[in-house]
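The structure appears below as structure tokens.
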Amino acid sequence: MPDIVLTTLNAKYIHAAFGLRYLFANLGALRERARIVEFDINQRPVDIAEVLLAQNPGIIGIGIYIWNVAPATEVVAAIKRVRPEVIVILGGPEVSYETESQPIVQLADHVITGEADLKFAEVCGLLLEHPAVGVQASACTGATLKRELQLPKIIAAPLPEFSQLTLPYEFYDAQDIAHRVIYVEASRGCPFTCEFCLSSLDIPVRQAALPVFLSEMQKLLDRGVRQFKFVDRTFNLNIAVGSAILEFFLERHQPGNFYHFEMIPDRLPDALRGIIAKFPPGSLQFEVGIQTFNPEVAALISRRQNYERLTDNLRFLRNHTGVHVHADLIAGLPGETVESFGAGFDSLIALQPQEIQVGILKRLCGTPIVRHDSEWRMTYNPHPPYEILQTRLIDFPAMQQLRRFARYWDLIGNSGNFVETTPLIWRGQPSPFNSFMRCSQWLHTRTGRTDGIALMRLMELLFEFLALERGLDAGFVAPVLWRDYQRGGRRDKPTFLREFLSDDETPEPRRTRSLLKRQSRHQV
């Protein structure tokens with residue numbers, strides 16, 4: 001049985017916990033006394049507690065994030081009720097700031113704030129020196145240990161340099177490589193000061209030694225890793241390093257390999273452009289954080305962004321490369337109106353990224369965005385993920401409409417199920433945002449929900465909206481939906497499309513009226 005169990009609740013099974021592997025790699029001599037046990041947020045907290053306690057650990061280290069803090073609190077509460085002598089150590093971004101107000105912190109024995117790669121091993125070493133820890137853990141409570149060793153409850157970890165760290169990549173096992181996302185990083189920190197983001201607090205940017213890092217990437221390739229997700233906040237900050245990493249993967253590229261990077265949108269010089277253009281279509285994905293097209297809002301949140309260069313870079317990526325562009329916008333920022341957010345959405349649609357992530361502003365613990373609360377009357381949900389409920393410029397009903405807009409956009413615009421159909425929603429209209437908002441409100445009126453809508457039902461609803469609400473010819477819409485449906489490998493012709501599709505899929509406009517009669521019988 002291990003003395004130390006490292007655990008967390010991942011958002012999904014496919015996400016391998018990168019932070020746990022860093023902690024495990026840097027335990028040194030304690031590594032043989034430790035084990036990683038991962039869960040996901042869909043599992044019941046009491047069942048998670050059962051599995052953890054069955055390991056009979058003396059110490060449990062838990063990674064806490066915005067997506068798992070609520071169920072993790074239940075896990076810790078159960079552990080402390082059943083086995084109060086087990087020492088619980090928390091770490092992660094969610095408990096690195098504003099710790100005094102968090103229920104999970106009150107339940108735990110210790111919290112390590114900041115990057116705990118080295119500090120966790122140090123704390124475990126001190127605790128395990130006590131003879132009561134480990135096999136005989138029940139003889140001594142965590143509180144007694146804390147008094148004897150004089151360890152504070154909140155322990156701040158200094159920022160480690162990469163040269164101090166043992167890299168964790170060997171601790172991705174065969175199951176991880178076969179079934180999970182493999183996270184890697186060539187740098188930590190962010191040079192920007194965007195007030196909504198925790199990464200803005202990680203200054204300066206620290207770079208891994210490039211030869212060592214690339215050697216580790218080669219080992220992963222040799223073990224069969226084909227998909228690499230870089231968690232660096234700004235892969236293209238250092239052009240020389242970014243170029244070297246891209247060249248490394250380009251030289252070793254095999255069909256099926258995929259590389260995901262986060263990108264500064266207004267920094268893409270020719271040195272990078274030339275390399276990027278050489279990658280086969282679909283092998284690169286860039287996550288591009290734009291967040292707002294409103295310069296005044298960007299200035300309010302201390303975000304530096306050159307919109308002219310940003311626009312030129314996105315056009316280059318879409319017109320001259322095979323990169324899959326995932327662009328982010330945030331609704332609810334201080335100073336943003338529904339109209340200005342919509343104008344930004346329209347500007348982004350014109351640049352044609354394959355995905356647009358419409359996010360709702362979250363008040364992450366520790367971020368300086370709170371300085372705007374009074375002036376802009378920012379009201380946040382007090383429970384994770386702390387999303388904005390209303391501002392001075394966007395009231396609660398309007399924010400709810402934006403929230404539904406974001407959800408329906410994910411189901412339709414981002415899902416890959418409606419590649420040709422989605423642009424029909426704003427076909428011939430001046431504003432894609434206004435057109436999709438109209439669709440969003442109509443869908444909510446018809447369904448009363450934003451989740452649990454089966455694909456076939458959503459497809460039928462879109463057909464009805466486009467043909468009846470938008471007034472597009474049903475004989476024109478049906479083949480578009482049918483092609484989208486087949487794109488996913490499906491061949492069973494949906495019943496509601498059959499009368500509008502001839503054998504050769506030629507549009508049949510005469511049948512729009514029969515659709516109107518048939519659908520009117522099913523209005524809700």
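In the structure tokens, each chain is lettered A, B, ... as it comes, each chain's residues begin at 1, and ligands are numbered from 1 in order of appearance.
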Inset, instruction - Identify, on the basis of only C-alpha atoms, every residue whose closest approach to A:Asn56 does not exceed 8 Å; exclude the query and any residue fewer than 4 positions from it along the same chain; express the result as a list in words. - result: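 After dropping sequence-adjacent residues, the list is Met1, Pro2, Asp3, Leu52 and Val135 of chain A.
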Selection file, N, CA and C atoms, as a PDB file, in the first residue's frame:
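The resulting file, selection02.pdb, is reproduced below:
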```pdb
ATOM      1  N   MET A   1       0.841  -1.193   0.000  1.00  0.00           N
ATOM      2  CA  MET A   1       0.000   0.000   0.000  1.00  0.00           C
ATOM      3  C   MET A   1       0.886   1.256   0.000  1.00  0.00           C
ATOM      4  N   PRO A   2       0.512   2.288  -0.775  1.00  0.00           N
ATOM      5  CA  PRO A   2       1.335   3.496  -0.831  1.00  0.00           C
ATOM      6  C   PRO A   2       1.149   4.364   0.411  1.00  0.00           C
ATOM      7  N   ASP A   3       2.189   5.081   0.778  1.00  0.00           N
ATOM      8  CA  ASP A   3       2.071   6.089   1.830  1.00  0.00           C
ATOM      9  C   ASP A   3       1.433   7.362   1.290  1.00  0.00           C
ATOM     10  N   LEU A  52     -10.008   5.788  -2.643  1.00  0.00           N
ATOM     11  CA  LEU A  52      -8.811   6.401  -2.061  1.00  0.00           C
ATOM     12  C   LEU A  52      -8.474   5.780  -0.702  1.00  0.00           C
ATOM     13  N   VAL A 135       2.083   3.026   7.611  1.00  0.00           N
ATOM     14  CA  VAL A 135       1.334   1.841   8.019  1.00  0.00           C
ATOM     15  C   VAL A 135       0.627   2.075   9.335  1.00  0.00           C
TER      16      VAL A 135
END
```
Inset, instruction - Would you please extract all strand (DSSP E or B) residues from stretch 122-329 of chain A, as assigned by DSSP on the backbone, and give them as a PyMOL selection string? - result: chain A and resi 154-156+181-184+187-188+206-207+227-230+258-263+284-291+324-329
Okay, now the selection with N, CA, C and O atoms, as a tab-separated table (two decimals), in the first residue's frame?
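Output contents, as saved in selection-v9.tsv:
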```tsv
chain	number	residue	atom	x	y	z
A	154	ILE	N	-1.27	26.91	5.29
A	154	ILE	CA	-1.07	27.45	3.94
A	154	ILE	C	0.43	27.56	3.69
A	154	ILE	O	1.13	28.28	4.40
A	155	ILE	N	0.90	26.85	2.70
A	155	ILE	CA	2.33	26.78	2.41
A	155	ILE	C	2.56	27.31	1.00
A	155	ILE	O	2.06	26.76	0.02
A	156	ALA	N	3.29	28.40	0.89
A	156	ALA	CA	3.55	29.01	-0.42
A	156	ALA	C	4.75	28.35	-1.08
A	156	ALA	O	5.80	28.18	-0.47
A	181	VAL	N	-5.54	12.18	-23.75
A	181	VAL	CA	-4.81	13.33	-24.25
A	181	VAL	C	-3.45	13.41	-23.54
A	181	VAL	O	-3.37	13.31	-22.32
A	182	ILE	N	-2.40	13.59	-24.31
A	182	ILE	CA	-1.05	13.69	-23.76
A	182	ILE	C	-0.67	15.17	-23.73
A	182	ILE	O	-0.50	15.81	-24.78
A	183	TYR	N	-0.54	15.72	-22.54
A	183	TYR	CA	-0.19	17.13	-22.36
A	183	TYR	C	1.32	17.28	-22.24
A	183	TYR	O	2.00	16.47	-21.60
A	184	VAL	N	1.84	18.34	-22.85
A	184	VAL	CA	3.27	18.66	-22.76
A	184	VAL	C	3.40	20.17	-22.60
A	184	VAL	O	2.47	20.93	-22.87
A	187	SER	N	7.18	25.70	-21.92
A	187	SER	CA	7.37	26.91	-21.12
A	187	SER	C	6.24	27.04	-20.12
A	187	SER	O	5.20	26.39	-20.25
A	188	ARG	N	6.47	27.89	-19.12
A	188	ARG	CA	5.43	28.24	-18.15
A	188	ARG	C	5.37	29.75	-18.03
A	188	ARG	O	6.37	30.44	-18.17
A	206	ARG	N	9.05	31.16	-18.19
A	206	ARG	CA	10.23	30.31	-18.01
A	206	ARG	C	10.24	29.22	-19.07
A	206	ARG	O	9.22	28.58	-19.30
A	207	GLN	N	11.39	29.05	-19.70
A	207	GLN	CA	11.51	28.15	-20.83
A	207	GLN	C	12.23	26.88	-20.44
A	207	GLN	O	13.26	26.93	-19.75
A	227	GLN	N	-0.71	12.36	-30.62
A	227	GLN	CA	-1.39	13.64	-30.40
A	227	GLN	C	-0.75	14.35	-29.21
A	227	GLN	O	-0.71	13.79	-28.11
A	228	PHE	N	-0.28	15.55	-29.44
A	228	PHE	CA	0.42	16.34	-28.43
A	228	PHE	C	-0.37	17.63	-28.18
A	228	PHE	O	-0.63	18.39	-29.12
A	229	LYS	N	-0.74	17.86	-26.92
A	229	LYS	CA	-1.42	19.10	-26.58
A	229	LYS	C	-0.50	19.95	-25.72
A	229	LYS	O	-0.23	19.62	-24.56
A	230	PHE	N	0.00	21.04	-26.28
A	230	PHE	CA	0.87	21.96	-25.56
A	230	PHE	C	0.03	22.87	-24.67
A	230	PHE	O	-0.94	23.47	-25.14
A	258	PHE	N	-1.00	14.81	-34.59
A	258	PHE	CA	-1.78	16.03	-34.36
A	258	PHE	C	-1.11	16.83	-33.25
A	258	PHE	O	-0.70	16.26	-32.23
A	259	TYR	N	-1.02	18.15	-33.45
A	259	TYR	CA	-0.32	19.01	-32.50
A	259	TYR	C	-1.18	20.23	-32.20
A	259	TYR	O	-1.62	20.94	-33.11
A	260	HIS	N	-1.42	20.46	-30.91
A	260	HIS	CA	-2.29	21.56	-30.47
A	260	HIS	C	-1.46	22.59	-29.72
A	260	HIS	O	-0.73	22.25	-28.79
A	261	PHE	N	-1.58	23.86	-30.13
A	261	PHE	CA	-0.84	24.95	-29.50
A	261	PHE	C	-1.78	26.11	-29.18
A	261	PHE	O	-2.76	26.34	-29.89
A	262	GLU	N	-1.45	26.86	-28.13
A	262	GLU	CA	-2.10	28.15	-27.88
A	262	GLU	C	-1.23	29.24	-28.50
A	262	GLU	O	-0.01	29.24	-28.35
A	263	MET	N	-1.87	30.18	-29.14
A	263	MET	CA	-1.15	31.14	-29.98
A	263	MET	C	-1.52	32.57	-29.65
A	263	MET	O	-2.69	32.90	-29.42
A	284	LEU	N	-2.32	20.48	-37.47
A	284	LEU	CA	-2.07	21.53	-36.48
A	284	LEU	C	-3.39	22.16	-36.05
A	284	LEU	O	-4.26	22.41	-36.89
A	285	GLN	N	-3.52	22.41	-34.75
A	285	GLN	CA	-4.62	23.22	-34.26
A	285	GLN	C	-4.05	24.35	-33.42
A	285	GLN	O	-3.23	24.12	-32.54
A	286	PHE	N	-4.48	25.57	-33.70
A	286	PHE	CA	-4.08	26.74	-32.92
A	286	PHE	C	-5.30	27.25	-32.16
A	286	PHE	O	-6.34	27.53	-32.75
A	287	GLU	N	-5.15	27.35	-30.85
A	287	GLU	CA	-6.16	27.99	-30.03
A	287	GLU	C	-5.78	29.46	-29.89
A	287	GLU	O	-4.75	29.80	-29.31
A	288	VAL	N	-6.62	30.32	-30.44
A	288	VAL	CA	-6.30	31.74	-30.56
A	288	VAL	C	-7.19	32.53	-29.63
A	288	VAL	O	-8.40	32.65	-29.86
A	289	GLY	N	-6.61	33.06	-28.58
A	289	GLY	CA	-7.38	33.83	-27.61
A	289	GLY	C	-7.56	35.27	-28.04
A	289	GLY	O	-6.66	36.10	-27.85
A	290	ILE	N	-8.69	35.60	-28.63
A	290	ILE	CA	-8.98	36.98	-29.03
A	290	ILE	C	-9.73	37.70	-27.91
A	290	ILE	O	-9.41	38.82	-27.55
A	291	GLN	N	-10.76	37.07	-27.39
A	291	GLN	CA	-11.54	37.50	-26.21
A	291	GLN	C	-12.43	38.69	-26.49
A	291	GLN	O	-13.59	38.69	-26.11
A	324	HIS	N	-6.18	24.10	-38.21
A	324	HIS	CA	-7.53	24.20	-37.65
A	324	HIS	C	-7.49	25.31	-36.60
A	324	HIS	O	-6.78	25.21	-35.60
A	325	VAL	N	-8.23	26.39	-36.84
A	325	VAL	CA	-8.20	27.56	-35.97
A	325	VAL	C	-9.38	27.53	-35.00
A	325	VAL	O	-10.54	27.47	-35.42
A	326	HIS	N	-9.07	27.53	-33.71
A	326	HIS	CA	-10.07	27.58	-32.64
A	326	HIS	C	-9.90	28.94	-31.97
A	326	HIS	O	-8.90	29.18	-31.29
A	327	ALA	N	-10.85	29.84	-32.18
A	327	ALA	CA	-10.74	31.21	-31.67
A	327	ALA	C	-11.69	31.43	-30.51
A	327	ALA	O	-12.83	30.94	-30.52
A	328	ASP	N	-11.22	32.15	-29.50
A	328	ASP	CA	-12.00	32.38	-28.28
A	328	ASP	C	-12.51	33.81	-28.20
A	328	ASP	O	-11.77	34.77	-28.44
A	329	LEU	N	-13.78	33.96	-27.83
A	329	LEU	CA	-14.38	35.24	-27.45
A	329	LEU	C	-15.01	35.09	-26.08
A	329	LEU	O	-15.50	34.00	-25.74
```
Inset, instruction - Determine, counting only C-alpha atoms, which protein, DNA and RNA residues have an atom within 10 Å of an atom of A:Lys80; residues of the same chain fewer than 5 positions away are not included. Present the result as number ranges by chain. - result: A: 49, 74-75, 85-88, 107-109
Produce a file of the selected residues containing C-alpha atoms, as a compact mmCIF listing (two decimals), in the first residue's frame.
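Result file is result-v8.txt:
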```
# COMPACT_ATOMS: atom_id res chain seq x y z
CA ALA A 49 -13.45 8.45 -1.25
CA GLU A 74 -17.44 16.29 -0.97
CA VAL A 75 -14.59 13.81 -1.37
CA GLU A 85 -6.08 10.84 10.63
CA VAL A 86 -5.33 10.79 6.88
CA ILE A 87 -3.44 13.96 5.97
CA VAL A 88 -5.05 15.79 3.03
CA LEU A 107 -11.48 20.66 5.61
CA ALA A 108 -7.90 19.98 4.51
CA ASP A 109 -4.73 19.76 6.61
```
Inset, instruction - For A:Gly224, list every protein, DNA or RNA residue within 12 Å, evaluated using only C-alpha atoms, and leave out those in the same chain fewer than 4 positions away; present the list as an NGL selection string. - result: :A and (172-179 or 182 or 217-220 or 228 or 254 or 256-257)
Would you put the residues from that selection into a file with N, CA, C and O atoms, as a PDB file, in the first residue's frame?
```pdb
ATOM      1  N   TYR A 172       3.510   8.847 -18.325  1.00  0.00           N
ATOM      2  CA  TYR A 172       2.350   8.492 -19.141  1.00  0.00           C
ATOM      3  C   TYR A 172       2.509   7.009 -19.471  1.00  0.00           C
ATOM      4  O   TYR A 172       3.507   6.597 -20.080  1.00  0.00           O
ATOM      5  N   ASP A 173       1.533   6.194 -19.067  1.00  0.00           N
ATOM      6  CA  ASP A 173       1.670   4.769 -19.315  1.00  0.00           C
ATOM      7  C   ASP A 173       1.024   4.382 -20.650  1.00  0.00           C
ATOM      8  O   ASP A 173       0.511   5.236 -21.393  1.00  0.00           O
ATOM      9  N   ALA A 174       1.057   3.091 -20.959  1.00  0.00           N
ATOM     10  CA  ALA A 174       0.548   2.613 -22.247  1.00  0.00           C
ATOM     11  C   ALA A 174      -0.933   2.920 -22.427  1.00  0.00           C
ATOM     12  O   ALA A 174      -1.388   3.237 -23.544  1.00  0.00           O
ATOM     13  N   GLN A 175      -1.714   2.838 -21.348  1.00  0.00           N
ATOM     14  CA  GLN A 175      -3.136   3.155 -21.430  1.00  0.00           C
ATOM     15  C   GLN A 175      -3.355   4.636 -21.719  1.00  0.00           C
ATOM     16  O   GLN A 175      -4.246   5.006 -22.487  1.00  0.00           O
ATOM     17  N   ASP A 176      -2.538   5.491 -21.102  1.00  0.00           N
ATOM     18  CA  ASP A 176      -2.625   6.925 -21.385  1.00  0.00           C
ATOM     19  C   ASP A 176      -2.363   7.189 -22.859  1.00  0.00           C
ATOM     20  O   ASP A 176      -3.089   7.938 -23.524  1.00  0.00           O
ATOM     21  N   ILE A 177      -1.302   6.588 -23.373  1.00  0.00           N
ATOM     22  CA  ILE A 177      -0.908   6.822 -24.761  1.00  0.00           C
ATOM     23  C   ILE A 177      -1.983   6.318 -25.722  1.00  0.00           C
ATOM     24  O   ILE A 177      -2.260   6.932 -26.750  1.00  0.00           O
ATOM     25  N   ALA A 178      -2.627   5.227 -25.366  1.00  0.00           N
ATOM     26  CA  ALA A 178      -3.638   4.640 -26.249  1.00  0.00           C
ATOM     27  C   ALA A 178      -4.966   5.378 -26.200  1.00  0.00           C
ATOM     28  O   ALA A 178      -5.679   5.449 -27.214  1.00  0.00           O
ATOM     29  N   HIS A 179      -5.317   5.943 -25.039  1.00  0.00           N
ATOM     30  CA  HIS A 179      -6.701   6.397 -24.866  1.00  0.00           C
ATOM     31  C   HIS A 179      -6.868   7.830 -24.357  1.00  0.00           C
ATOM     32  O   HIS A 179      -8.005   8.300 -24.264  1.00  0.00           O
ATOM     33  N   ILE A 182      -2.397  13.586 -24.313  1.00  0.00           N
ATOM     34  CA  ILE A 182      -1.052  13.692 -23.759  1.00  0.00           C
ATOM     35  C   ILE A 182      -0.666  15.175 -23.733  1.00  0.00           C
ATOM     36  O   ILE A 182      -0.503  15.807 -24.776  1.00  0.00           O
ATOM     37  N   MET A 217      10.270  14.611 -26.120  1.00  0.00           N
ATOM     38  CA  MET A 217       9.255  14.472 -27.165  1.00  0.00           C
ATOM     39  C   MET A 217       9.588  13.298 -28.091  1.00  0.00           C
ATOM     40  O   MET A 217       8.695  12.574 -28.541  1.00  0.00           O
ATOM     41  N   GLN A 218      10.879  13.110 -28.369  1.00  0.00           N
ATOM     42  CA  GLN A 218      11.277  11.976 -29.206  1.00  0.00           C
ATOM     43  C   GLN A 218      10.918  10.652 -28.525  1.00  0.00           C
ATOM     44  O   GLN A 218      10.448   9.713 -29.180  1.00  0.00           O
ATOM     45  N   LYS A 219      11.112  10.593 -27.218  1.00  0.00           N
ATOM     46  CA  LYS A 219      10.770   9.377 -26.486  1.00  0.00           C
ATOM     47  C   LYS A 219       9.266   9.096 -26.569  1.00  0.00           C
ATOM     48  O   LYS A 219       8.845   7.942 -26.714  1.00  0.00           O
ATOM     49  N   LEU A 220       8.464  10.156 -26.471  1.00  0.00           N
ATOM     50  CA  LEU A 220       7.022   9.961 -26.594  1.00  0.00           C
ATOM     51  C   LEU A 220       6.649   9.483 -27.998  1.00  0.00           C
ATOM     52  O   LEU A 220       5.803   8.592 -28.161  1.00  0.00           O
ATOM     53  N   PHE A 228      -0.277  15.549 -29.443  1.00  0.00           N
ATOM     54  CA  PHE A 228       0.415  16.339 -28.428  1.00  0.00           C
ATOM     55  C   PHE A 228      -0.374  17.629 -28.182  1.00  0.00           C
ATOM     56  O   PHE A 228      -0.632  18.392 -29.118  1.00  0.00           O
ATOM     57  N   GLN A 254       4.056  11.938 -39.129  1.00  0.00           N
ATOM     58  CA  GLN A 254       3.464  10.755 -39.735  1.00  0.00           C
ATOM     59  C   GLN A 254       1.962  10.988 -39.874  1.00  0.00           C
ATOM     60  O   GLN A 254       1.371  11.729 -39.089  1.00  0.00           O
ATOM     61  N   GLY A 256      -1.729  10.987 -39.234  1.00  0.00           N
ATOM     62  CA  GLY A 256      -2.435  10.760 -37.973  1.00  0.00           C
ATOM     63  C   GLY A 256      -1.872  11.549 -36.812  1.00  0.00           C
ATOM     64  O   GLY A 256      -2.508  11.659 -35.759  1.00  0.00           O
ATOM     65  N   ASN A 257      -0.689  12.127 -36.954  1.00  0.00           N
ATOM     66  CA  ASN A 257      -0.132  12.954 -35.881  1.00  0.00           C
ATOM     67  C   ASN A 257      -0.872  14.287 -35.804  1.00  0.00           C
ATOM     68  O   ASN A 257      -1.295  14.844 -36.827  1.00  0.00           O
TER      69      ASN A 257
END
```
Inset, instruction - Kindly give the distance, in Å, that separates atom CA of A:Thr321 and atom CA of A:Ala271, rounded to a single decimal. - result: 14.2 Å
Inset, instruction - Determine the nearest neighbour of A:Ile412 from the options A:Met456, A:Val105, A:Ile369, A:Leu462, counting only C-alpha atoms. - result: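 Looking only at the distances to A:Ile412, the closest residue turns out to be A:Leu462.
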